[in-house]
Amino acid sequence: MSWSEIAGFVAGALSVWLYARQNVWAWPTGIANSAFWLVLFWDTGLYLDASLQVVYIVLGAAGWYWWLRGGRRVGRAELPVSRTRPVEAGILAAVGVAATGVLWWLMVRVDDAAPLPDAATTVISLIAQYMLTRKLLGSWYLWIAVDVAYVALYTYKELYLTAALQPLFIVMCVIGLRGWRASLRAAEAPLTAEPVAVHP
């Protein structure tokens, strides 16, 4: 167990807790988490996982900006929670299937120990992270699925502390899902409320 794994454990748990609370400080904390795990995965020879952290850092910077200034109101207000539009969901699903197929093939070519799980979890994680940057409610469903898979994958790779972190992530993802769903319902309520009749 290395310092980078311990630091990644702490930063990762804190960032997910902050994401669940829609706190913008989740992003710098998440960037720190990715930096620690980049060092961890590189040192253990997990170069695909290490490369993934670089993408997370870039998405983290984008998410930090979008959460603060990504709203559609005048002055680019804070980004609200929203649902994934059907067209966007279709595009993400198509990209996910295609990218998983390509990455699976590449992992087989480089003799990866678990090519399909590595490819699938990598692609789904990236899609979930993108959805998180846009405050799309469905991101939590993808993160729950990925974290379940990561328990087995990181245990197989003997990263036991990182594997042990995943059930904690799952619990916090469920909390985040409930909180974001409540926030979305509160925002949608005025739109669905019955108009009040005004009598002279």
# chains A, B, ... in the order shown; residues from 1 in each chain; ligands from 1
call {"tool": "residues_around", "arguments": {"residues": "Ala120 in chain A", "least_positions_apart": "4", "cutoff": "9 Å", "atoms": "only C-alpha atoms", "output": "number ranges by chain"}}
result
A: 96-97, 99-101, 103-104, 115-116, 124-125, 146
call {"tool": "closest_atom_pairs", "arguments": {"of": "range 76-158 of chain A", "to": "range 172-177 of chain A", "cutoff": "7 Å", "atoms": "only C-alpha atoms", "output": "Markdown table"}}
result
| residue | atom | partner | partner_atom | distance |
| --- | --- | --- | --- | --- |
| A:Leu137 | CA | A:Leu177 | CA | 6.9 |
| A:Trp140 | CA | A:Leu177 | CA | 5.7 |
| A:Ile144 | CA | A:Cys173 | CA | 6.3 |
call {"tool": "closest_atom_pairs", "arguments": {"of": "range 46-72 of chain A", "to": "range 23-35 of chain A", "cutoff": "8 Å", "atoms": "only C-alpha atoms", "output": "tab-separated table"}}
result
residue	atom	partner	partner_atom	distance
A:Gln53	CA	A:Ser34	CA	5.1
A:Val54	CA	A:Ser34	CA	7.4
A:Tyr56	CA	A:Ser34	CA	6.5
A:Ile57	CA	A:Ile31	CA	5.1
A:Gly60	CA	A:Trp27	CA	5.5
A:Ala61	CA	A:Trp27	CA	7.1
A:Gly63	CA	A:Trp27	CA	6.8
A:Trp64	CA	A:Trp27	CA	5.4
A:Trp67	CA	A:Val24	CA	6.6
A:Leu68	CA	A:Val24	CA	7.2
call {"tool": "closest_residue", "arguments": {"among": "A:Leu165, A:Ala186, A:Leu159, A:Ala98", "to": "Leu46 in chain A", "atoms": "only C-alpha atoms"}}
result
A:Leu159
call {"tool": "closest_residue", "arguments": {"among": "A:Val81, A:Trp37, A:Gly45, A:Glu5", "to": "Ala187 in chain A", "atoms": "only C-alpha atoms"}}
result
A:Val81
call {"tool": "closest_residue", "arguments": {"among": "A:Tyr141, A:Arg69, A:Asp43, A:Leu106", "to": "Trp180 in chain A", "atoms": "only C-alpha atoms"}}
result
A:Tyr141
call {"tool": "residues_around", "arguments": {"residues": "Lys157 in chain A", "least_positions_apart": "3", "cutoff": "12 Å", "atoms": "only C-alpha atoms", "output": "VMD selection string"}}
result
chain A and resid 41 44 to 46 49 112 to 114 118 150 to 154 160 to 163
call {"tool": "closest_residue", "arguments": {"among": "A:Leu38, A:Gln22, A:Met131, A:Trp3", "to": "Arg85 in chain A", "atoms": "only C-alpha atoms"}}
result
A:Met131
call {"tool": "select_by_dssp", "arguments": {"residues": "range 19-169 of chain A", "states": "helix (DSSP H, G or I)", "output": "PyMOL selection string"}}
result
chain A and resi 19-20+26-43+47-69+86-109+115-133+139-156+160-169
call {"tool": "residues_around", "arguments": {"residues": "Glu88 in chain A", "least_positions_apart": "4", "cutoff": "12 Å", "atoms": "only C-alpha atoms", "output": "short mmCIF file (atom, residue, chain, number, x, y, z; two decimals) with C-alpha atoms, in the first residue's frame"}}
result
data_model
loop_
_atom_site.label_atom_id
_atom_site.label_comp_id
_atom_site.auth_asym_id
_atom_site.auth_seq_id
_atom_site.Cartn_x
_atom_site.Cartn_y
_atom_site.Cartn_z
CA ARG A 83 -32.08 14.73 -17.48
CA THR A 84 -30.25 13.26 -20.47
CA LEU A 92 -23.51 8.37 -25.85
CA ALA A 93 -24.65 4.73 -26.08
CA ALA A 94 -23.41 4.42 -29.68
CA VAL A 95 -20.08 6.03 -28.83
CA ILE A 127 -19.07 8.68 -20.32
CA TYR A 130 -18.71 13.60 -18.96
CA MET A 131 -22.34 13.34 -17.82
CA ARG A 134 -23.00 18.43 -17.31
CA LEU A 136 -26.94 14.86 -15.86
CA GLY A 138 -28.09 9.49 -15.25
#
call {"tool": "atom_distance", "arguments": {"atom1": "CA of Val148 in chain A", "atom2": "CA of Leu18 in chain A"}}
result
20.3 Å
call {"tool": "atom_distance", "arguments": {"atom1": "CA of Gln129 in chain A", "atom2": "CA of Phe169 in chain A"}}
result
14.0 Å
call {"tool": "closest_residue", "arguments": {"among": "A:Ala128, A:Leu142, A:Ala89, A:Leu48", "to": "Met107 in chain A", "atoms": "only C-alpha atoms"}}
result
A:Leu48
call {"tool": "atom_distance", "arguments": {"atom1": "CA of Tyr156 in chain A", "atom2": "CA of Leu126 in chain A"}}
result
21.4 Å
